[in-house]
$ cat input-v3.pdb   # PDB, C-alpha atoms
ATOM      1  CA  MET S 169     -27.023 122.885-121.159
ATOM      2  CA  SER S 170     -24.498 122.966-118.327
ATOM      3  CA  TYR S 171     -24.544 126.740-118.498
ATOM      4  CA  HIS S 172     -28.324 126.744-118.260
ATOM      5  CA  ARG S 173     -28.186 124.518-115.179
ATOM      6  CA  GLU S 174     -25.658 126.895-113.644
ATOM      7  CA  TYR S 175     -27.900 129.856-114.357
ATOM      8  CA  ILE S 176     -30.910 128.128-112.793
ATOM      9  CA  ARG S 177     -28.851 127.217-109.720
ATOM     10  CA  ASN S 178     -27.807 130.827-109.271
ATOM     11  CA  VAL S 179     -31.369 132.071-109.787
ATOM     12  CA  ALA S 180     -32.544 129.617-107.114
ATOM     13  CA  VAL S 181     -29.900 130.918-104.688
ATOM     14  CA  PHE S 182     -30.936 134.503-105.419
ATOM     15  CA  SER S 183     -34.633 133.717-105.002
ATOM     16  CA  LEU S 184     -34.101 131.936-101.682
ATOM     17  CA  ALA S 185     -32.049 134.857-100.355
ATOM     18  CA  ALA S 186     -34.622 137.386-101.561
ATOM     19  CA  VAL S 187     -37.635 135.593-100.102
ATOM     20  CA  SER S 188     -35.778 135.060 -96.798
ATOM     21  CA  ALA S 189     -34.498 138.645 -96.507
ATOM     22  CA  GLY S 190     -37.505 140.192 -94.782
ATOM     23  CA  TRP S 191     -37.989 137.306 -92.358
ATOM     24  CA  ALA S 192     -34.295 137.469 -91.447
ATOM     25  CA  GLY S 193     -34.664 141.223 -90.998
ATOM     26  CA  HIS S 194     -37.631 140.772 -88.680
ATOM     27  CA  TRP S 195     -35.688 138.200 -86.648
ATOM     28  CA  LEU S 196     -32.788 140.652 -86.411
ATOM     29  CA  ASP S 197     -35.054 143.465 -85.200
ATOM     30  CA  THR S 198     -36.467 141.131 -82.557
ATOM     31  CA  ALA S 199     -33.019 139.929 -81.489
ATOM     32  CA  VAL S 200     -31.657 143.437 -80.946
ATOM     33  CA  SER S 201     -34.997 144.894 -79.745
ATOM     34  CA  GLY S 202     -34.803 147.441 -82.552
ATOM     35  CA  PRO S 203     -37.612 149.311 -84.303
ATOM     36  CA  SER S 204     -39.351 147.413 -87.088
ATOM     37  CA  VAL S 205     -40.163 150.546 -89.140
ATOM     38  CA  GLU S 206     -37.021 151.935 -90.814
ATOM     39  CA  GLY S 207     -34.788 149.792 -88.625
ATOM     40  CA  ILE S 208     -31.849 147.512 -89.336
ATOM     41  CA  GLY S 209     -34.169 144.662 -90.313
ATOM     42  CA  GLN S 210     -35.782 146.732 -93.044
ATOM     43  CA  LEU S 211     -32.326 147.714 -94.274
ATOM     44  CA  LEU S 212     -31.380 144.029 -94.531
ATOM     45  CA  TRP S 213     -34.628 143.357 -96.399
ATOM     46  CA  ILE S 214     -33.842 145.931 -99.087
ATOM     47  CA  VAL S 215     -30.086 145.281 -99.352
ATOM     48  CA  LEU S 216     -29.812 141.474 -99.270
ATOM     49  CA  PRO S 217     -31.372 140.683-102.710
ATOM     50  CA  VAL S 218     -29.213 143.124-104.693
ATOM     51  CA  THR S 219     -26.113 142.102-102.720
ATOM     52  CA  THR S 220     -26.809 138.444-103.466
ATOM     53  CA  GLY S 221     -27.221 139.206-107.161
ATOM     54  CA  ALA S 222     -23.957 141.142-107.229
ATOM     55  CA  LEU S 223     -22.074 138.306-105.492
ATOM     56  CA  LEU S 224     -23.493 135.758-107.920
ATOM     57  CA  ARG S 225     -22.373 137.894-110.832
ATOM     58  CA  LEU S 226     -18.936 138.366-109.309
ATOM     59  CA  LEU S 227     -18.221 134.909-107.887
ATOM     60  CA  ALA S 228     -20.612 132.347-109.406
ATOM     61  CA  GLY S 229     -20.128 132.783-113.131
ATOM     62  CA  ASP S 230     -23.012 135.075-114.077
ATOM     63  CA  GLY S 231     -20.793 137.989-115.067
ATOM     64  CA  TRP S 232     -21.942 141.567-115.640
ATOM     65  CA  ARG S 233     -22.783 141.631-119.349
ATOM     66  CA  ASP S 234     -26.570 141.730-118.854
ATOM     67  CA  ALA S 235     -26.653 143.698-115.572
ATOM     68  CA  GLY S 236     -28.183 146.753-117.249
ATOM     69  CA  VAL S 237     -25.938 149.203-115.395
ATOM     70  CA  ARG S 238     -25.434 151.597-118.313
ATOM     71  CA  PRO S 239     -28.293 154.107-118.703
ATOM     72  CA  LEU S 240     -28.270 153.870-122.532
ATOM     73  CA  PHE S 241     -29.950 157.226-122.997
ATOM     74  CA  SER S 242     -29.275 157.149-126.731
ATOM     75  CA  GLY S 243     -32.173 155.366-128.384
ATOM     76  CA  ASN S 244     -34.157 155.069-125.146
ATOM     77  CA  GLY S 245     -35.300 158.661-124.725
ATOM     78  CA  ARG S 246     -38.920 157.759-125.456
ATOM     79  CA  TRP S 247     -38.835 155.024-122.820
ATOM     80  CA  TYR S 248     -37.469 157.361-120.165
ATOM     81  CA  LEU S 249     -40.329 159.716-121.048
ATOM     82  CA  PHE S 250     -42.747 156.801-120.848
ATOM     83  CA  SER S 251     -41.334 155.867-117.432
ATOM     84  CA  SER S 252     -41.813 159.430-116.189
ATOM     85  CA  LEU S 253     -45.399 159.814-117.402
ATOM     86  CA  PHE S 254     -46.937 156.343-117.106
ATOM     87  CA  PHE S 255     -47.970 156.393-113.460
ATOM     88  CA  PRO S 256     -49.208 160.009-113.347
ATOM     89  CA  LEU S 257     -51.460 159.232-116.330
ATOM     90  CA  MET S 258     -52.645 156.008-114.706
ATOM     91  CA  ALA S 259     -53.357 157.888-111.469
ATOM     92  CA  LEU S 260     -55.374 160.438-113.454
ATOM     93  CA  LEU S 261     -57.360 157.605-115.052
ATOM     94  CA  SER S 262     -57.900 156.105-111.609
ATOM     95  CA  MET S 263     -59.176 159.410-110.237
ATOM     96  CA  LEU S 264     -61.537 159.901-113.183
ATOM     97  CA  ALA S 265     -62.874 156.339-112.888
ATOM     98  CA  GLY S 266     -63.329 156.724-109.142
ATOM     99  CA  ALA S 267     -65.073 160.075-109.497
ATOM    100  CA  ALA S 268     -67.352 158.783-112.244
ATOM    101  CA  SER S 269     -68.440 155.896-110.052
ATOM    102  CA  GLY S 270     -68.965 158.187-107.063
ATOM    103  CA  ALA S 271     -66.798 155.879-104.953
ATOM    104  CA  ALA S 272     -63.709 158.105-104.748
ATOM    105  CA  VAL S 273     -63.025 161.712-103.819
ATOM    106  CA  PHE S 274     -60.026 163.729-104.965
ATOM    107  CA  SER S 275     -59.179 166.790-102.880
ATOM    108  CA  PHE S 276     -56.841 168.979-104.925
ATOM    109  CA  PRO S 277     -54.421 170.620-102.454
ATOM    110  CA  GLY S 278     -53.054 173.094-104.983
ATOM    111  CA  ALA S 279     -50.255 172.622-107.475
ATOM    112  CA  GLY S 280     -47.620 173.918-105.062
ATOM    113  CA  ALA S 281     -48.499 171.557-102.231
ATOM    114  CA  MET S 282     -48.735 168.562-104.542
ATOM    115  CA  LEU S 283     -45.438 169.345-106.258
ATOM    116  CA  GLN S 284     -43.756 169.824-102.881
ATOM    117  CA  ALA S 285     -45.025 166.449-101.623
ATOM    118  CA  VAL S 286     -43.912 164.647-104.781
ATOM    119  CA  MET S 287     -40.490 166.311-104.823
ATOM    120  CA  ALA S 288     -39.900 165.480-101.151
ATOM    121  CA  ALA S 289     -40.525 161.806-101.892
ATOM    122  CA  LEU S 290     -38.434 161.552-105.060
ATOM    123  CA  LEU S 291     -34.924 161.301-103.604
ATOM    124  CA  PRO S 292     -35.597 158.659-100.891
ATOM    125  CA  SER S 293     -37.707 156.706-103.370
ATOM    126  CA  PHE S 294     -34.968 156.945-106.015
ATOM    127  CA  ILE S 295     -32.330 155.594-103.617
ATOM    128  CA  LYS S 296     -34.571 152.757-102.454
ATOM    129  CA  ASN S 297     -35.467 151.807-106.017
ATOM    130  CA  ILE S 298     -31.850 151.576-107.134
ATOM    131  CA  PHE S 299     -31.512 148.669-104.687
ATOM    132  CA  GLU S 300     -34.884 147.162-105.592
ATOM    133  CA  GLU S 301     -34.686 147.455-109.369
ATOM    134  CA  PHE S 302     -31.090 146.277-109.636
ATOM    135  CA  ALA S 303     -32.210 143.146-107.778
ATOM    136  CA  TRP S 304     -35.288 142.286-109.839
ATOM    137  CA  ARG S 305     -34.631 143.864-113.231
ATOM    138  CA  GLY S 306     -30.860 144.008-112.818
ATOM    139  CA  TYR S 307     -30.503 140.350-111.845
ATOM    140  CA  LEU S 308     -33.541 138.087-111.863
ATOM    141  CA  THR S 309     -35.236 139.073-115.142
ATOM    142  CA  PRO S 310     -32.083 138.990-117.320
ATOM    143  CA  ARG S 311     -30.742 135.812-115.695
ATOM    144  CA  LEU S 312     -33.995 133.966-116.297
ATOM    145  CA  ALA S 313     -33.822 135.167-119.907
ATOM    146  CA  ALA S 314     -30.214 133.940-120.127
ATOM    147  CA  ALA S 315     -31.344 130.532-118.835
ATOM    148  CA  GLY S 316     -33.718 130.288-121.787
ATOM    149  CA  MET S 317     -36.976 130.829-119.908
ATOM    150  CA  PRO S 318     -39.806 132.130-122.152
ATOM    151  CA  ASP S 319     -40.814 135.729-121.584
ATOM    152  CA  PHE S 320     -44.206 135.148-119.942
ATOM    153  CA  ALA S 321     -42.794 132.490-117.600
ATOM    154  CA  ASN S 322     -39.885 134.812-116.819
ATOM    155  CA  HIS S 323     -42.193 137.642-115.783
ATOM    156  CA  THR S 324     -44.418 135.283-113.783
ATOM    157  CA  CYS S 325     -41.483 133.804-111.854
ATOM    158  CA  THR S 326     -40.032 137.258-111.224
ATOM    159  CA  GLY S 327     -43.438 138.490-110.065
ATOM    160  CA  VAL S 328     -43.960 135.606-107.639
ATOM    161  CA  VAL S 329     -40.517 136.012-106.032
ATOM    162  CA  TRP S 330     -40.895 139.800-105.982
ATOM    163  CA  ALA S 331     -44.342 139.544-104.341
ATOM    164  CA  ALA S 332     -43.094 136.999-101.792
ATOM    165  CA  TRP S 333     -40.254 139.395-100.943
ATOM    166  CA  HIS S 334     -42.880 142.070-100.148
ATOM    167  CA  VAL S 335     -44.821 139.971 -97.620
ATOM    168  CA  PRO S 336     -42.622 140.682 -94.543
ATOM    169  CA  TYR S 337     -42.612 144.347 -95.517
ATOM    170  CA  TYR S 338     -46.384 144.567 -95.184
ATOM    171  CA  LEU S 339     -46.385 142.420 -92.054
ATOM    172  CA  TYR S 340     -43.564 144.019 -90.090
ATOM    173  CA  PHE S 341     -41.924 147.046 -91.726
ATOM    174  CA  LEU S 342     -44.933 149.166 -92.675
ATOM    175  CA  ASP S 343     -46.780 151.158 -90.045
ATOM    176  CA  GLY S 344     -50.533 150.707 -89.718
ATOM    177  CA  ALA S 345     -51.481 154.183 -90.952
ATOM    178  CA  THR S 346     -49.518 153.774 -94.178
ATOM    179  CA  MET S 347     -50.913 150.292 -94.717
ATOM    180  CA  SER S 348     -54.468 151.594 -94.280
ATOM    181  CA  ALA S 349     -53.809 154.354 -96.811
ATOM    182  CA  TYR S 350     -52.845 151.792 -99.441
ATOM    183  CA  SER S 351     -55.539 149.193 -98.734
ATOM    184  CA  GLN S 352     -58.756 148.984 -96.746
ATOM    185  CA  HIS S 353     -58.952 145.201 -96.982
ATOM    186  CA  GLY S 354     -57.798 142.430 -94.690
ATOM    187  CA  PRO S 355     -55.202 139.764 -95.478
ATOM    188  CA  ALA S 356     -57.669 137.411 -97.225
ATOM    189  CA  VAL S 357     -58.251 140.038 -99.933
ATOM    190  CA  PHE S 358     -55.087 142.120 -99.759
ATOM    191  CA  TYR S 359     -52.463 139.413-100.263
ATOM    192  CA  PRO S 360     -54.001 137.676-103.320
ATOM    193  CA  MET S 361     -54.583 141.063-104.950
ATOM    194  CA  MET S 362     -51.075 142.180-104.008
ATOM    195  CA  PHE S 363     -49.573 139.055-105.591
ATOM    196  CA  ALA S 364     -51.623 139.586-108.750
ATOM    197  CA  GLY S 365     -50.704 143.266-108.814
ATOM    198  CA  VAL S 366     -46.974 142.658-108.418
ATOM    199  CA  ALA S 367     -47.095 139.911-111.080
ATOM    200  CA  ALA S 368     -48.715 142.408-113.473
ATOM    201  CA  LEU S 369     -46.063 144.994-112.606
ATOM    202  CA  ALA S 370     -43.337 142.393-113.208
ATOM    203  CA  PHE S 371     -44.737 141.865-116.707
ATOM    204  CA  LEU S 372     -44.680 145.603-117.479
ATOM    205  CA  TYR S 373     -41.303 146.246-115.838
ATOM    206  CA  GLY S 374     -39.768 143.084-117.283
ATOM    207  CA  GLU S 375     -40.787 143.927-120.832
ATOM    208  CA  LEU S 376     -39.453 147.456-120.453
ATOM    209  CA  ARG S 377     -36.190 145.996-119.148
ATOM    210  CA  LEU S 378     -35.808 143.614-122.083
ATOM    211  CA  LEU S 379     -36.776 146.376-124.499
ATOM    212  CA  THR S 380     -34.324 149.014-123.263
ATOM    213  CA  GLY S 381     -31.397 146.877-122.097
ATOM    214  CA  SER S 382     -31.017 149.108-119.032
ATOM    215  CA  VAL S 383     -32.359 149.061-115.477
ATOM    216  CA  TRP S 384     -32.543 152.851-115.170
ATOM    217  CA  PRO S 385     -35.886 153.384-116.966
ATOM    218  CA  MET S 386     -37.451 151.052-114.374
ATOM    219  CA  VAL S 387     -35.790 153.002-111.557
ATOM    220  CA  VAL S 388     -37.427 156.144-112.970
ATOM    221  CA  LEU S 389     -40.812 154.419-113.431
ATOM    222  CA  HIS S 390     -40.764 152.941-109.921
ATOM    223  CA  THR S 391     -39.598 156.201-108.329
ATOM    224  CA  VAL S 392     -42.272 158.340-109.962
ATOM    225  CA  SER S 393     -44.922 155.736-109.097
ATOM    226  CA  ASN S 394     -43.926 155.678-105.427
ATOM    227  CA  ALA S 395     -43.663 159.469-105.162
ATOM    228  CA  VAL S 396     -46.934 160.317-106.915
ATOM    229  CA  GLY S 397     -48.902 157.412-105.421
ATOM    230  CA  GLY S 398     -47.593 158.191-101.959
ATOM    231  CA  ALA S 399     -48.474 161.875-102.278
ATOM    232  CA  LEU S 400     -52.047 161.070-103.311
ATOM    233  CA  LEU S 401     -52.799 158.262-100.875
ATOM    234  CA  LEU S 402     -50.714 159.057 -97.798
ATOM    235  CA  ASN S 403     -51.865 162.681 -97.681
ATOM    236  CA  GLY S 404     -55.497 161.660 -98.093
ATOM    237  CA  TRP S 405     -55.893 163.654-101.303
ATOM    238  CA  LEU S 406     -57.362 160.598-103.022
ATOM    239  CA  ARG S 407     -59.896 158.863-100.766
ATOM    240  CA  MET S 408     -61.588 155.695-101.905
ATOM    241  CA  GLY S 409     -64.256 153.489-100.447
ATOM    242  CA  PRO S 410     -63.625 149.743-100.106
ATOM    243  CA  VAL S 411     -65.084 148.928-103.533
ATOM    244  CA  ALA S 412     -63.195 151.667-105.346
ATOM    245  CA  ASP S 413     -60.035 150.676-103.472
ATOM    246  CA  LEU S 414     -60.365 147.200-104.923
ATOM    247  CA  MET S 415     -61.477 148.240-108.395
ATOM    248  CA  VAL S 416     -59.841 151.530-109.454
ATOM    249  CA  SER S 417     -57.110 152.480-106.976
ATOM    250  CA  PRO S 418     -53.768 153.512-108.545
ATOM    251  CA  ALA S 419     -52.063 151.110-106.104
ATOM    252  CA  PRO S 420     -50.804 147.891-107.759
ATOM    253  CA  GLY S 421     -53.419 145.571-106.216
ATOM    254  CA  SER S 422     -56.518 147.075-107.835
ATOM    255  CA  LEU S 423     -58.294 145.529-110.806
ATOM    256  CA  LEU S 424     -57.697 148.649-112.923
ATOM    257  CA  SER S 425     -53.954 148.632-112.192
ATOM    258  CA  ILE S 426     -53.632 144.911-112.898
ATOM    259  CA  LEU S 427     -55.452 145.083-116.237
ATOM    260  CA  LEU S 428     -53.698 148.250-117.360
ATOM    261  CA  ASN S 429     -50.218 146.987-116.443
ATOM    262  CA  ILE S 430     -50.834 143.712-118.275
ATOM    263  CA  ALA S 431     -52.246 145.511-121.336
ATOM    264  CA  ILE S 432     -49.293 147.898-121.566
ATOM    265  CA  GLY S 433     -46.890 145.034-120.933
ATOM    266  CA  LEU S 434     -48.449 143.103-123.812
ATOM    267  CA  GLY S 435     -48.084 146.126-126.045
ATOM    268  CA  LEU S 436     -44.409 146.461-125.140
ATOM    269  CA  HIS S 437     -43.900 142.739-125.742
ATOM    270  CA  ARG S 438     -45.425 142.907-129.216
ATOM    271  CA  TYR S 439     -43.434 146.005-130.081
ATOM    272  CA  ARG S 440     -40.190 144.402-128.898
ATOM    273  CA  LYS S 441     -40.799 141.218-130.873
ATOM    274  CA  SER S 442     -41.707 143.112-134.036
ATOM    275  CA  ARG S 443     -38.624 145.327-133.627
ATOM    276  CA  ASP S 444     -36.325 142.347-133.059
ATOM    277  CA  SER S 445     -37.700 140.488-136.090
ATOM    278  CA  ALA S 446     -37.454 143.492-138.421
TER     279      ALA S 446
END

$ encode --input "input-v3.pdb" --output "C-alpha cells"
Amino acid sequence: MSYHREYIRNVAVFSLAAVSAGWAGHWLDTAVSGPSVEGIGQLLWIVLPVTTGALLRLLAGDGWRDAGVRPLFSGNGRWYLFSSLFFPLMALLSMLAGAASGAAVFSFPGAGAMLQAVMAALLPSFIKNIFEEFAWRGYLTPRLAAAGMPDFANHTCTGVVWAAWHVPYYLYFLDGATMSAYSQHGPAVFYPMMFAGVAALAFLYGELRLLTGSVWPMVVLHTVSNAVGGALLLNGWLRMGPVADLMVSPAPGSLLSILLNIAIGLGLHRYRKSRDSA
C-alpha cells in the first residue's frame, strides 16, 4: 500500500504541473512581452508535462519499466496499421455523414494537393506528439494503472487532466482563424464538448497503450489525426455548418467522434481482456 500511496503522490504532482503548464506559459509570454502563438509560453506548455514525468521516473521512485519507450514492432504490426488508418477512415465517415445530411461540403483539391498538405504537417506534428504522448500515455496512463486504478477510472482521470491541459492552448496559444476552423461554437458549447471529446480519446488511446505496451502507436495515431484533420479543416476542404460541426465533424468534440472513439475503445478493452485471460 505504501507503494500505491507513492504512485498517487507522484501522479498528483504530475497532474498539477500539467494543468499549470499553459497558465505558466501565458504568464511567461506576458512577462517578456513575447508572442502567444508559437512563443516561449507555448513551448513551456508542451514541454513541462513530459519533463515532469521524466523527473518523477528518475528521482521519485517511478522508474522506467512501464514508460513504453520501446516501439515493440514485433507483435504490434496490426496496431501500427490501425493507428495509421483509424483517423482517415473516421474522417471519411464524417464526410459521408455530413454530405448525406446536406450540412457539410467537401471540396476535393486533388490527390497531389491533399497529399502535399498532409505530408507537410506530418513532421511537426510527429515531433509535437512525441512530447504529448510520452506525457499522457508514457506517464499518466501507466502510472495510474500501476497504482491499481481500474481501467475506466484511469482513462477518465487521464482525459480530465489532458483536457484541462488543453484549455490555455485554446485560450492563448491558438490563433482565431485556426480556432474557427475547428469549431464554430462559443465557450459554453465548445469547452464541454472538448472535455467530452478528449475523455473519449483518452479511452481509445489509453486502451491502445495498455494493449501494445508502447507509446509509439499512439504517437502515430495522434500524428496522422493532426495532419489529416488539419489538412481538411484548416484548408477549408471540409466545410461544415454549426449543426454538422457539432454532430459529425472529425474533430474530437463532435458527437460522432465521441461515440466512435468510445465504441472502438470498448472493443479494444474487450479484446485486451480476452487476450490476457486466454

$ atom_distance --input "input-v3.pdb" --atom1 "CA of Phe276 (chain S)" --atom2 "CA of Val357 (chain S)"
29.4 Å

$ closest_atom_pairs --input "input-v3.pdb" --of "region 200-272 of chain S" --to "region 333-355 of chain S" --cutoff "12 Å" --atoms "all atoms listed in the file" --output "tab-separated table"
residue	atom	partner	partner_atom	distance
S:Gly202	CA	S:Phe341	CA	11.6
S:Pro203	CA	S:Phe341	CA	8.9
S:Ser204	CA	S:Phe341	CA	5.3
S:Val205	CA	S:Phe341	CA	4.7
S:Glu206	CA	S:Phe341	CA	7.0
S:Gly207	CA	S:Phe341	CA	8.3
S:Ile208	CA	S:Phe341	CA	10.4
S:Gly209	CA	S:Phe341	CA	8.2
S:Gln210	CA	S:Phe341	CA	6.3
S:Leu211	CA	S:Phe341	CA	10.0
S:Leu212	CA	S:Tyr337	CA	11.3
S:Trp213	CA	S:Tyr337	CA	8.1
S:Ile214	CA	S:Trp333	CA	9.3
S:Val215	CA	S:Trp333	CA	11.9
S:Leu216	CA	S:Trp333	CA	10.8
S:Pro217	CA	S:Trp333	CA	9.1

$ resolve_selection --input "input-v3.pdb" --expression "the PyMOL selection byres ((chain S and resi 290) around 9)" --output "count of residues only"
15

$ closest_residue --input "input-v3.pdb" --among "S:Gly421, S:Arg233, S:Tyr307, S:Leu260" --to "Tyr359 (chain S)" --atoms "only C-alpha atoms"
S:Gly421

$ closest_residue --input "input-v3.pdb" --among "S:Gly397, S:Asp319, S:Leu424, S:Arg407" --to "Arg438 (chain S)" --atoms "all atoms listed in the file"
S:Asp319
